[in-house]
>>> print(open('entry.tsv').read())   # TSV, C-alpha atoms
chain	number	residue	atom	x	y	z
G	1	MET	CA	161.92	102.31	103.46
G	2	SER	CA	164.15	104.50	105.55
G	3	LYS	CA	167.83	104.96	106.05
G	4	LYS	CA	169.29	102.40	108.44
G	5	ARG	CA	169.05	103.68	112.00
G	6	SER	CA	169.47	101.79	115.26
G	7	VAL	CA	167.62	104.43	117.26
G	8	LEU	CA	164.93	107.00	116.56
G	9	PRO	CA	166.31	109.98	114.65
G	10	ARG	CA	167.04	113.17	116.55
G	11	ARG	CA	163.95	115.02	115.39
G	12	LYS	CA	161.68	112.21	116.56
G	13	SER	CA	163.47	111.88	119.90
G	14	LEU	CA	163.19	115.60	120.60
G	15	PHE	CA	159.55	115.52	119.56
G	16	ALA	CA	158.79	112.67	121.94
G	17	ALA	CA	160.58	114.47	124.75
G	18	LEU	CA	158.52	117.59	124.19
G	19	LEU	CA	155.33	115.56	124.35
G	20	LEU	CA	156.32	113.96	127.62
G	21	THR	CA	157.35	117.32	129.08
G	22	ALA	CA	153.99	118.75	128.15
G	23	GLY	CA	152.21	115.82	129.77
G	24	LEU	CA	150.92	114.52	126.46
G	25	PHE	CA	150.98	110.83	125.61
G	26	SER	CA	149.81	111.02	122.02
G	27	PRO	CA	151.04	113.14	119.13
G	28	SER	CA	148.19	115.68	119.10
G	29	VAL	CA	148.43	119.40	118.50
G	30	HIS	CA	147.55	122.04	121.10
G	31	ALA	CA	145.39	124.14	118.80
G	32	SER	CA	143.55	123.12	115.67
G	33	GLU	CA	146.03	122.95	112.81
G	34	LYS	CA	144.92	122.51	109.25
G	35	LEU	CA	146.21	119.84	106.91
G	36	LYS	CA	145.20	119.51	103.27
G	37	ILE	CA	145.16	115.89	102.15
G	38	GLY	CA	145.06	114.93	98.49
G	39	TYR	CA	143.45	111.52	97.93
G	40	ASN	CA	141.55	109.31	95.52
G	41	ASN	CA	138.85	106.77	96.32
G	42	TRP	CA	140.79	103.63	97.18
G	43	VAL	CA	139.80	100.92	99.65
G	44	GLY	CA	143.37	100.81	101.00
G	45	SER	CA	142.73	104.22	102.57
G	46	ALA	CA	140.07	102.66	104.81
G	47	GLY	CA	141.94	103.67	107.97
G	48	VAL	CA	142.11	107.28	106.78
G	49	PHE	CA	138.42	107.39	105.89
G	50	VAL	CA	137.36	105.88	109.21
G	51	ALA	CA	139.60	108.30	111.12
G	52	GLN	CA	137.80	111.18	109.44
G	53	GLU	CA	134.29	109.76	109.88
G	54	LYS	CA	134.88	108.85	113.54
G	55	GLY	CA	136.37	112.24	114.36
G	56	PHE	CA	139.83	110.91	115.24
G	57	PHE	CA	141.53	113.81	113.46
G	58	LYS	CA	139.49	116.37	115.39
G	59	GLN	CA	140.29	114.55	118.63
G	60	ALA	CA	143.97	114.96	117.73
G	61	GLY	CA	143.47	118.71	117.29
G	62	LEU	CA	143.55	118.62	113.50
G	63	ASP	CA	141.37	120.35	110.93
G	64	VAL	CA	141.77	117.99	107.98
G	65	GLU	CA	140.55	119.04	104.56
G	66	PHE	CA	140.32	116.26	101.98
G	67	VAL	CA	140.98	117.30	98.39
G	68	PRO	CA	139.72	114.64	95.95
G	69	PHE	CA	141.63	113.56	92.85
G	70	LYS	CA	140.70	111.01	90.21
G	71	GLY	CA	143.89	108.96	90.40
G	72	PRO	CA	146.89	108.50	92.71
G	73	SER	CA	149.23	110.53	90.50
G	74	ASP	CA	146.98	113.57	90.24
G	75	ALA	CA	147.77	114.76	93.77
G	76	ILE	CA	151.51	114.89	93.10
G	77	PRO	CA	151.76	118.21	91.19
G	78	PRO	CA	149.73	120.11	93.85
G	79	LEU	CA	151.93	118.55	96.54
G	80	VAL	CA	155.13	119.66	94.80
G	81	ALA	CA	153.63	123.12	94.30
G	82	GLY	CA	152.72	123.38	98.00
G	83	HIS	CA	148.96	123.57	97.42
G	84	ILE	CA	148.35	120.51	99.63
G	85	ASP	CA	150.30	119.17	102.60
G	86	VAL	CA	149.95	115.43	102.09
G	87	ALA	CA	149.30	113.15	99.14
G	88	LEU	CA	147.87	109.66	99.45
G	89	THR	CA	149.47	108.11	96.39
G	90	THR	CA	151.49	105.12	95.28
G	91	ALA	CA	155.19	104.52	95.82
G	92	ASP	CA	155.90	104.37	92.10
G	93	ASN	CA	154.59	107.92	91.67
G	94	VAL	CA	157.16	109.14	94.16
G	95	VAL	CA	159.88	107.45	92.12
G	96	LEU	CA	158.58	109.00	88.91
G	97	VAL	CA	158.34	112.58	90.12
G	98	ASN	CA	161.62	112.54	92.02
G	99	ALA	CA	163.49	111.10	89.05
G	100	ARG	CA	161.89	113.29	86.43
G	101	SER	CA	161.70	116.64	88.18
G	102	GLY	CA	164.38	116.42	90.84
G	103	SER	CA	161.78	116.74	93.59
G	104	ASP	CA	162.61	115.33	96.99
G	105	LEU	CA	159.24	113.98	98.11
G	106	LYS	CA	159.37	111.59	101.04
G	107	ILE	CA	157.31	108.55	101.94
G	108	ILE	CA	156.52	108.62	105.65
G	109	PHE	CA	153.88	105.88	105.99
G	110	ALA	CA	152.31	103.06	103.99
G	111	THR	CA	148.53	102.74	104.29
G	112	ASP	CA	148.37	99.40	102.50
G	113	THR	CA	149.74	97.16	99.82
G	114	SER	CA	147.66	95.78	96.99
G	115	ASN	CA	147.29	92.02	97.26
G	116	GLY	CA	145.00	91.30	94.34
G	117	ALA	CA	143.04	94.56	94.33
G	118	ASP	CA	144.84	95.64	91.14
G	119	ALA	CA	144.67	93.27	88.22
G	120	VAL	CA	144.68	92.61	84.51
G	121	VAL	CA	141.23	91.41	83.49
G	122	SER	CA	140.51	89.93	80.08
G	123	LYS	CA	137.70	88.43	78.05
G	124	LYS	CA	136.83	84.89	79.08
G	125	ASN	CA	138.38	83.37	75.95
G	126	LEU	CA	141.74	84.97	76.84
G	127	THR	CA	142.95	82.82	79.70
G	128	SER	CA	146.52	84.06	80.17
G	129	LEU	CA	148.67	87.13	79.62
G	130	ALA	CA	150.25	85.40	76.63
G	131	ASP	CA	146.82	85.35	74.99
G	132	LEU	CA	146.86	89.17	74.96
G	133	LYS	CA	149.41	89.30	72.14
G	134	GLY	CA	148.03	91.61	69.46
G	135	LYS	CA	145.05	92.50	71.65
G	136	THR	CA	143.87	95.93	72.84
G	137	VAL	CA	144.62	96.58	76.50
G	138	ALA	CA	143.44	99.67	78.40
G	139	VAL	CA	146.05	100.81	80.92
G	140	THR	CA	147.18	103.99	82.61
G	141	GLN	CA	150.47	104.63	80.89
G	142	ASN	CA	153.53	105.64	82.95
G	143	GLU	CA	151.76	104.85	86.21
G	144	VAL	CA	151.47	101.98	88.64
G	145	ASN	CA	148.97	100.05	86.51
G	146	GLU	CA	151.34	99.96	83.56
G	147	LEU	CA	154.11	98.83	85.89
G	148	LEU	CA	151.90	95.92	87.00
G	149	LEU	CA	151.12	95.02	83.40
G	150	LEU	CA	154.75	95.18	82.31
G	151	LYS	CA	155.85	93.04	85.25
G	152	GLY	CA	153.27	90.45	84.29
G	153	MET	CA	154.28	90.55	80.65
G	154	GLU	CA	157.92	90.22	81.65
G	155	LYS	CA	157.08	87.08	83.63
G	156	ALA	CA	155.18	85.75	80.60
G	157	GLY	CA	158.14	86.38	78.29
G	158	MET	CA	156.36	89.19	76.46
G	159	LYS	CA	157.57	92.58	75.27
G	160	PRO	CA	155.69	95.91	75.61
G	161	GLY	CA	155.10	96.00	71.85
G	162	ASP	CA	153.26	92.68	71.94
G	163	ILE	CA	149.99	94.43	72.86
G	164	LYS	CA	148.04	97.44	71.62
G	165	SER	CA	148.11	99.77	74.62
G	166	VAL	CA	145.32	102.34	75.04
G	167	ASN	CA	145.92	105.04	77.65
G	168	MET	CA	143.03	105.22	80.16
G	169	ASP	CA	142.76	105.86	83.87
G	170	PRO	CA	141.85	102.74	85.92
G	171	ASP	CA	138.16	103.62	86.24
G	172	SER	CA	137.78	104.39	82.54
G	173	ALA	CA	139.71	101.21	81.70
G	174	GLY	CA	137.37	99.11	83.83
G	175	ALA	CA	134.31	100.74	82.31
G	176	ALA	CA	135.66	100.30	78.78
G	177	PHE	CA	136.30	96.62	79.39
G	178	ILE	CA	132.82	95.98	80.76
G	179	ALA	CA	131.37	97.85	77.76
G	180	GLY	CA	133.29	95.52	75.44
G	181	GLN	CA	135.42	98.30	73.96
G	182	VAL	CA	138.78	96.63	74.75
G	183	ASP	CA	140.02	93.05	75.04
G	184	ALA	CA	141.58	93.56	78.46
G	185	ALA	CA	142.10	96.23	81.07
G	186	VAL	CA	144.40	96.99	83.97
G	187	THR	CA	142.10	98.25	86.65
G	188	TRP	CA	141.22	98.08	90.33
G	189	GLU	CA	138.25	97.45	92.57
G	190	PRO	CA	135.31	97.63	92.24
G	191	TRP	CA	135.83	97.17	88.50
G	192	ILE	CA	137.67	93.86	88.93
G	193	SER	CA	134.76	92.26	90.77
G	194	GLN	CA	132.29	93.66	88.26
G	195	ALA	CA	134.38	92.37	85.36
G	196	VAL	CA	134.59	88.86	86.85
G	197	ALA	CA	130.86	88.87	87.61
G	198	GLY	CA	130.28	89.66	83.95
G	199	GLY	CA	132.35	86.73	82.74
G	200	GLY	CA	135.79	88.32	82.63
G	201	LYS	CA	138.90	86.63	83.92
G	202	VAL	CA	141.80	87.85	86.07
G	203	VAL	CA	144.98	86.84	84.22
G	204	PHE	CA	147.47	88.64	86.46
G	205	SER	CA	147.20	90.54	89.73
G	206	SER	CA	149.20	92.38	92.36
G	207	ALA	CA	149.04	89.24	94.53
G	208	GLN	CA	151.73	87.79	92.23
G	209	VAL	CA	154.14	90.67	92.90
G	210	PRO	CA	154.06	91.29	96.70
G	211	ASN	CA	154.49	94.90	97.81
G	212	LEU	CA	154.97	96.13	94.25
G	213	ILE	CA	151.99	98.43	94.66
G	214	LEU	CA	152.37	100.27	97.93
G	215	ASP	CA	149.93	103.01	98.79
G	216	VAL	CA	151.73	105.63	100.77
G	217	VAL	CA	151.49	108.90	102.67
G	218	THR	CA	153.83	111.32	100.91
G	219	VAL	CA	154.99	114.78	101.91
G	220	SER	CA	157.52	117.39	100.88
G	221	PRO	CA	160.58	118.27	103.01
G	222	ALA	CA	158.90	121.62	103.72
G	223	THR	CA	155.88	119.89	105.25
G	224	ILE	CA	158.13	117.73	107.41
G	225	LYS	CA	159.98	120.82	108.60
G	226	ASN	CA	157.00	123.10	109.18
G	227	LYS	CA	154.23	120.68	110.23
G	228	SER	CA	155.98	117.73	111.86
G	229	ARG	CA	153.74	117.80	114.93
G	230	ALA	CA	150.57	117.85	112.84
G	231	ILE	CA	151.88	115.06	110.61
G	232	ALA	CA	152.64	112.90	113.65
G	233	ALA	CA	149.11	113.51	114.93
G	234	PHE	CA	147.66	112.67	111.52
G	235	LEU	CA	149.49	109.34	111.34
G	236	ALA	CA	148.48	108.43	114.89
G	237	ALA	CA	144.84	109.07	113.98
G	238	VAL	CA	145.17	106.97	110.81
G	239	ASP	CA	146.65	104.16	112.90
G	240	LYS	CA	143.65	104.44	115.21
G	241	GLY	CA	141.33	104.32	112.21
G	242	THR	CA	143.04	101.21	110.87
G	243	ALA	CA	142.69	99.50	114.23
G	244	TYR	CA	139.00	100.39	114.22
G	245	VAL	CA	138.51	98.79	110.80
G	246	ARG	CA	139.93	95.57	112.19
G	247	SER	CA	138.18	95.57	115.56
G	248	ASN	CA	134.80	97.03	114.57
G	249	PRO	CA	134.13	95.97	110.97
G	250	ASP	CA	130.33	96.12	111.32
G	251	GLU	CA	130.54	99.84	112.00
G	252	ALA	CA	133.66	100.64	109.99
G	253	LEU	CA	132.71	99.05	106.67
G	254	PRO	CA	129.63	101.28	106.15
G	255	LEU	CA	131.82	104.34	106.79
G	256	VAL	CA	134.28	103.25	104.13
G	257	ALA	CA	131.42	102.31	101.80
G	258	LYS	CA	130.06	105.83	102.15
G	259	ARG	CA	133.36	107.24	100.91
G	260	LEU	CA	133.69	104.78	98.04
G	261	GLU	CA	129.98	105.02	97.14
G	262	VAL	CA	129.49	101.26	97.24
G	263	LYS	CA	127.76	98.79	99.56
G	264	PRO	CA	129.42	97.62	102.82
G	265	ASP	CA	129.52	94.03	101.56
G	266	GLU	CA	131.47	95.25	98.54
G	267	VAL	CA	134.00	96.93	100.81
G	268	LYS	CA	134.40	93.67	102.71
G	269	GLY	CA	135.20	91.92	99.45
G	270	MET	CA	137.59	94.66	98.34
G	271	LEU	CA	139.56	94.51	101.58
G	272	VAL	CA	140.40	90.89	100.80
G	273	GLY	CA	142.57	92.25	98.01
G	274	VAL	CA	144.64	94.60	100.16
G	275	ARG	CA	146.73	94.39	103.29
G	276	LEU	CA	146.27	97.36	105.59
G	277	TYR	CA	149.38	98.53	107.42
G	278	ASP	CA	149.40	99.95	110.94
G	279	MET	CA	152.31	101.49	112.86
G	280	ALA	CA	153.75	98.06	113.63
G	281	GLY	CA	153.60	97.08	109.98
G	282	ASN	CA	155.20	100.35	108.98
G	283	ALA	CA	158.04	99.78	111.44
G	284	ARG	CA	158.90	96.63	109.51
G	285	LEU	CA	158.46	98.31	106.14
G	286	LEU	CA	160.34	101.51	106.86
G	287	HIS	CA	162.96	100.48	109.39
G	288	ASP	CA	163.78	97.02	108.05
G	289	LYS	CA	164.30	98.22	104.47
G	290	VAL	CA	161.44	96.13	103.07
G	291	ALA	CA	159.83	99.07	101.29
G	292	ALA	CA	163.18	100.60	100.36
G	293	GLN	CA	163.91	97.42	98.43
G	294	THR	CA	160.55	97.74	96.70
G	295	LEU	CA	161.45	101.29	95.68
G	296	ASP	CA	164.82	100.09	94.42
G	297	ASN	CA	163.08	97.49	92.26
G	298	ILE	CA	160.56	100.01	90.92
G	299	SER	CA	163.29	102.52	90.14
G	300	ALA	CA	165.47	99.95	88.39
G	301	PHE	CA	162.53	98.66	86.38
G	302	TYR	CA	161.45	102.13	85.24
G	303	SER	CA	165.05	103.02	84.42
G	304	SER	CA	165.49	99.87	82.30
G	305	HIS	CA	162.36	100.78	80.34
G	306	LYS	CA	163.61	104.38	79.86
G	307	THR	CA	160.59	105.70	81.77
G	308	ILE	CA	162.87	107.73	84.04
G	309	PRO	CA	166.24	109.31	83.21
G	310	LYS	CA	168.12	107.81	86.14
G	311	THR	CA	167.91	105.17	88.83
G	312	LEU	CA	167.17	106.42	92.33
G	313	LYS	CA	168.08	104.90	95.67
G	314	GLY	CA	165.04	103.69	97.59
G	315	SER	CA	166.29	104.70	101.02
G	316	ASP	CA	166.65	108.30	99.84
G	317	MET	CA	162.93	108.52	99.20
G	318	VAL	CA	161.68	107.69	102.68
G	319	ASP	CA	161.61	109.29	106.08
G	320	GLY	CA	160.90	106.79	108.84
G	321	SER	CA	161.20	109.29	111.68
G	322	PHE	CA	157.45	109.37	112.36
G	323	ILE	CA	157.33	105.60	112.89
G	324	PRO	CA	158.35	104.23	116.32
G	325	ALA	CA	161.15	101.67	116.26
G	326	HIS	CA	160.18	98.05	116.88
>>> encode(input="entry.tsv", output="structure tokens")
Amino acid sequence: MSKKRSVLPRRKSLFAALLLTAGLFSPSVHASEKLKIGYNNWVGSAGVFVAQEKGFFKQAGLDVEFVPFKGPSDAIPPLVAGHIDVALTTADNVVLVNARSGSDLKIIFATDTSNGADAVVSKKNLTSLADLKGKTVAVTQNEVNELLLLKGMEKAGMKPGDIKSVNMDPDSAGAAFIAGQVDAAVTWEPWISQAVAGGGKVVFSSAQVPNLILDVVTVSPATIKNKSRAIAAFLAAVDKGTAYVRSNPDEALPLVAKRLEVKPDEVKGMLVGVRLYDMAGNARLLHDKVAAQTLDNISAFYSSHKTIPKTLKGSDMVDGSFIPAH
């Protein structure tokens, strides 16, 4: 999702040179530097959680403080205000805030993409999205879950007014569905699995719209300017955490489960619905314009639905300088 570059940008090249001159072969900081990370409990952040639990951030010379938020959009205002350094959020939230407020937040890394871990679940007698016409659907309005729902409805030939939309965050939506308070809900794990176990049905999921829901590491231009070394160290530690999830699942899954307050077996099932991205995956996403195209699509879709006042260019919302070329 970055501007087209055939070589590493100047800042990254100079940074690498400084590391080599200092005799360092990983992007760690000399003295402990603090980073405030805004996050919500999402299985796609498994690499981040493991990096914290295994002490990879400390090994990189970082003092990382995690600031919890209920949903992926809630960390955006504190990030814009400078109260936190990094937000783990979704790509669509970056589009929304930049278009609405004129902010210039940048995506510097993708932790994962949802591949079925976000879905529309309905009562068992409602077997398709078309069956939701006139029904009550719980969804987080003006956020990624509504985008998923609208994309599904668009594919089904439906209009937004065909359903009765009730504004709820994903957790509340899942709980309301299981309690029988709504006909359908746009939610995420673990609510999807619980809904299906209770007889519900998945009628549309993120697996049908690849890379629509990207979970990303987002920062302000000020953070890039003032804490570039710490950010590079943070991403390297996250990459190490992601590798650990893949190579040592028996130890990693309980660490993630601890964060999500679920059982390790549940985490294993949740991870089926996401694709974790490492540095190599991010090189493809950010340098080959894959994610930039996703942002273009999100921006155009929001603009067509009058959710944002103008269409933004995807490549303007990313900074790929922390990701090595491939």
>>> residues_around(input="entry.tsv", residues="Ala117 in chain G", least_positions_apart="3", cutoff="9 Å", atoms="only C-alpha atoms", output="list of chain:residue names")
G:Val43, G:Ser114, G:Thr187, G:Trp188, G:Glu189, G:Pro190, G:Ile192, G:Ser205, G:Ser206, G:Ala207, G:Met270, G:Leu271, G:Val272, G:Gly273, G:Val274
>>> residues_around(input="entry.tsv", residues="Phe56 in chain G", least_positions_apart="4", cutoff="10 Å", atoms="all atoms listed in the file", output="list in words")
Val48, Val50, Ala51, Gln52, Ala60, Gly61, Leu62, Ala233, Phe234, Ala236, Ala237, Val238, Asp239, Lys240 and Gly241 of chain G
>>> atom_distance(input="entry.tsv", atom1="CA of Asn167 in chain G", atom2="CA of Gly134 in chain G")
15.9 Å
>>> closest_residue(input="entry.tsv", among="G:Val95, G:Ile231, G:Ala184, G:Leu132", to="Val64 in chain G", atoms="all atoms listed in the file")
G:Ile231
>>> closest_residue(input="entry.tsv", among="G:Lys263, G:Thr90, G:Ala138, G:Pro160", to="Ser73 in chain G", atoms="only C-alpha atoms")
G:Thr90
>>> closest_residue(input="entry.tsv", among="G:Lys201, G:Lys58, G:Ser321, G:Asp85", to="Asn226 in chain G", atoms="only C-alpha atoms")
G:Asp85
>>> residues_around(input="entry.tsv", residues="Leu105 in chain G", least_positions_apart="3", cutoff="7 Å", atoms="all atoms listed in the file", output="list in words")
Val94, Asn98, Thr218, Val219, Ser220, Pro221 and Met317 of chain G
>>> closest_residue(input="entry.tsv", among="G:Ala280, G:Met168, G:Leu214, G:Leu235", to="Asn93 in chain G", atoms="all atoms listed in the file")
G:Leu214
>>> residues_near_point(input="entry.tsv", point="(160.6, 98.2, 101.6)", cutoff="10 Å", atoms="all atoms listed in the file", output="VMD selection string")
chain G and resid 1 to 2 110 211 to 212 214 282 284 to 297 314 to 315 318
>>> residues_around(input="entry.tsv", residues="Lys310 in chain G", least_positions_apart="4", cutoff="9 Å", atoms="all atoms listed in the file", output="list in words")
Ala99, Arg100, Ser299, Ala300, Tyr302, Ser303 and Lys306 of chain G
>>> closest_residue(input="entry.tsv", among="G:Leu150, G:Val196, G:Ala230, G:Leu255", to="Val86 in chain G", atoms="only C-alpha atoms")
G:Ala230
>>> residues_around(input="entry.tsv", residues="Ile84 in chain G", least_positions_apart="2", cutoff="9 Å", atoms="all atoms listed in the file", output="PyMOL selection string")
chain G and resi 35-38+67+75+78-82+86-87
>>> closest_residue(input="entry.tsv", among="G:Val97, G:Ile178, G:Val186, G:Met158", to="Leu312 in chain G", atoms="all atoms listed in the file")
G:Val97
>>> atom_distance(input="entry.tsv", atom1="CA of Thr307 in chain G", atom2="CA of Pro77 in chain G")
18.0 Å
>>> axis_aligned_box(input="entry.tsv", around="range 101-109 of chain G", padding_each_side="8 Å", output="lines of an AutoDock Vina configuration file")
center_x = 159.1
center_y = 111.3
center_z = 97.1
size_x = 26.5
size_y = 26.9
size_z = 33.8
>>> atom_distance(input="entry.tsv", atom1="CA of Trp42 in chain G", atom2="CA of Ser165 in chain G")
24.0 Å
>>> build_atoms(input="entry.tsv", residues="range 71-82 of chain G", atoms="N, CA, C and O atoms", output="compact mmCIF listing (two decimals), in the coordinates of the input")
# COMPACT_ATOMS: atom_id res chain seq x y z
N GLY G 71 142.93 110.05 90.31
CA GLY G 71 143.89 108.96 90.40
C GLY G 71 145.01 109.28 91.35
O GLY G 71 145.18 110.44 91.77
N PRO G 72 145.84 108.29 91.72
CA PRO G 72 146.89 108.50 92.71
C PRO G 72 148.00 109.44 92.27
O PRO G 72 148.71 110.01 93.10
N SER G 73 148.16 109.62 90.96
CA SER G 73 149.23 110.53 90.50
C SER G 73 148.79 111.98 90.45
O SER G 73 149.62 112.90 90.43
N ASP G 74 147.49 112.21 90.43
CA ASP G 74 146.98 113.57 90.24
C ASP G 74 147.27 114.50 91.42
O ASP G 74 147.28 115.72 91.27
N ALA G 75 147.50 113.92 92.60
CA ALA G 75 147.77 114.76 93.77
C ALA G 75 149.23 115.18 93.85
O ALA G 75 149.58 116.06 94.64
N ILE G 76 150.08 114.59 93.02
CA ILE G 76 151.51 114.89 93.10
C ILE G 76 151.87 116.32 92.70
O ILE G 76 152.59 117.01 93.44
N PRO G 77 151.42 116.83 91.55
CA PRO G 77 151.76 118.21 91.19
C PRO G 77 151.33 119.24 92.24
O PRO G 77 152.13 120.12 92.60
N PRO G 78 150.11 119.16 92.79
CA PRO G 78 149.73 120.11 93.85
C PRO G 78 150.60 119.98 95.10
O PRO G 78 150.85 120.97 95.78
N LEU G 79 151.05 118.75 95.39
CA LEU G 79 151.93 118.55 96.54
C LEU G 79 153.27 119.23 96.30
O LEU G 79 153.78 119.93 97.17
N VAL G 80 153.84 119.03 95.13
CA VAL G 80 155.13 119.66 94.80
C VAL G 80 155.00 121.17 94.82
O VAL G 80 155.91 121.88 95.26
N ALA G 81 153.85 121.68 94.36
CA ALA G 81 153.63 123.12 94.30
C ALA G 81 153.29 123.73 95.66
O ALA G 81 153.24 124.95 95.80
N GLY G 82 153.04 122.88 96.67
CA GLY G 82 152.72 123.38 98.00
C GLY G 82 151.26 123.72 98.21
O GLY G 82 150.90 124.36 99.20
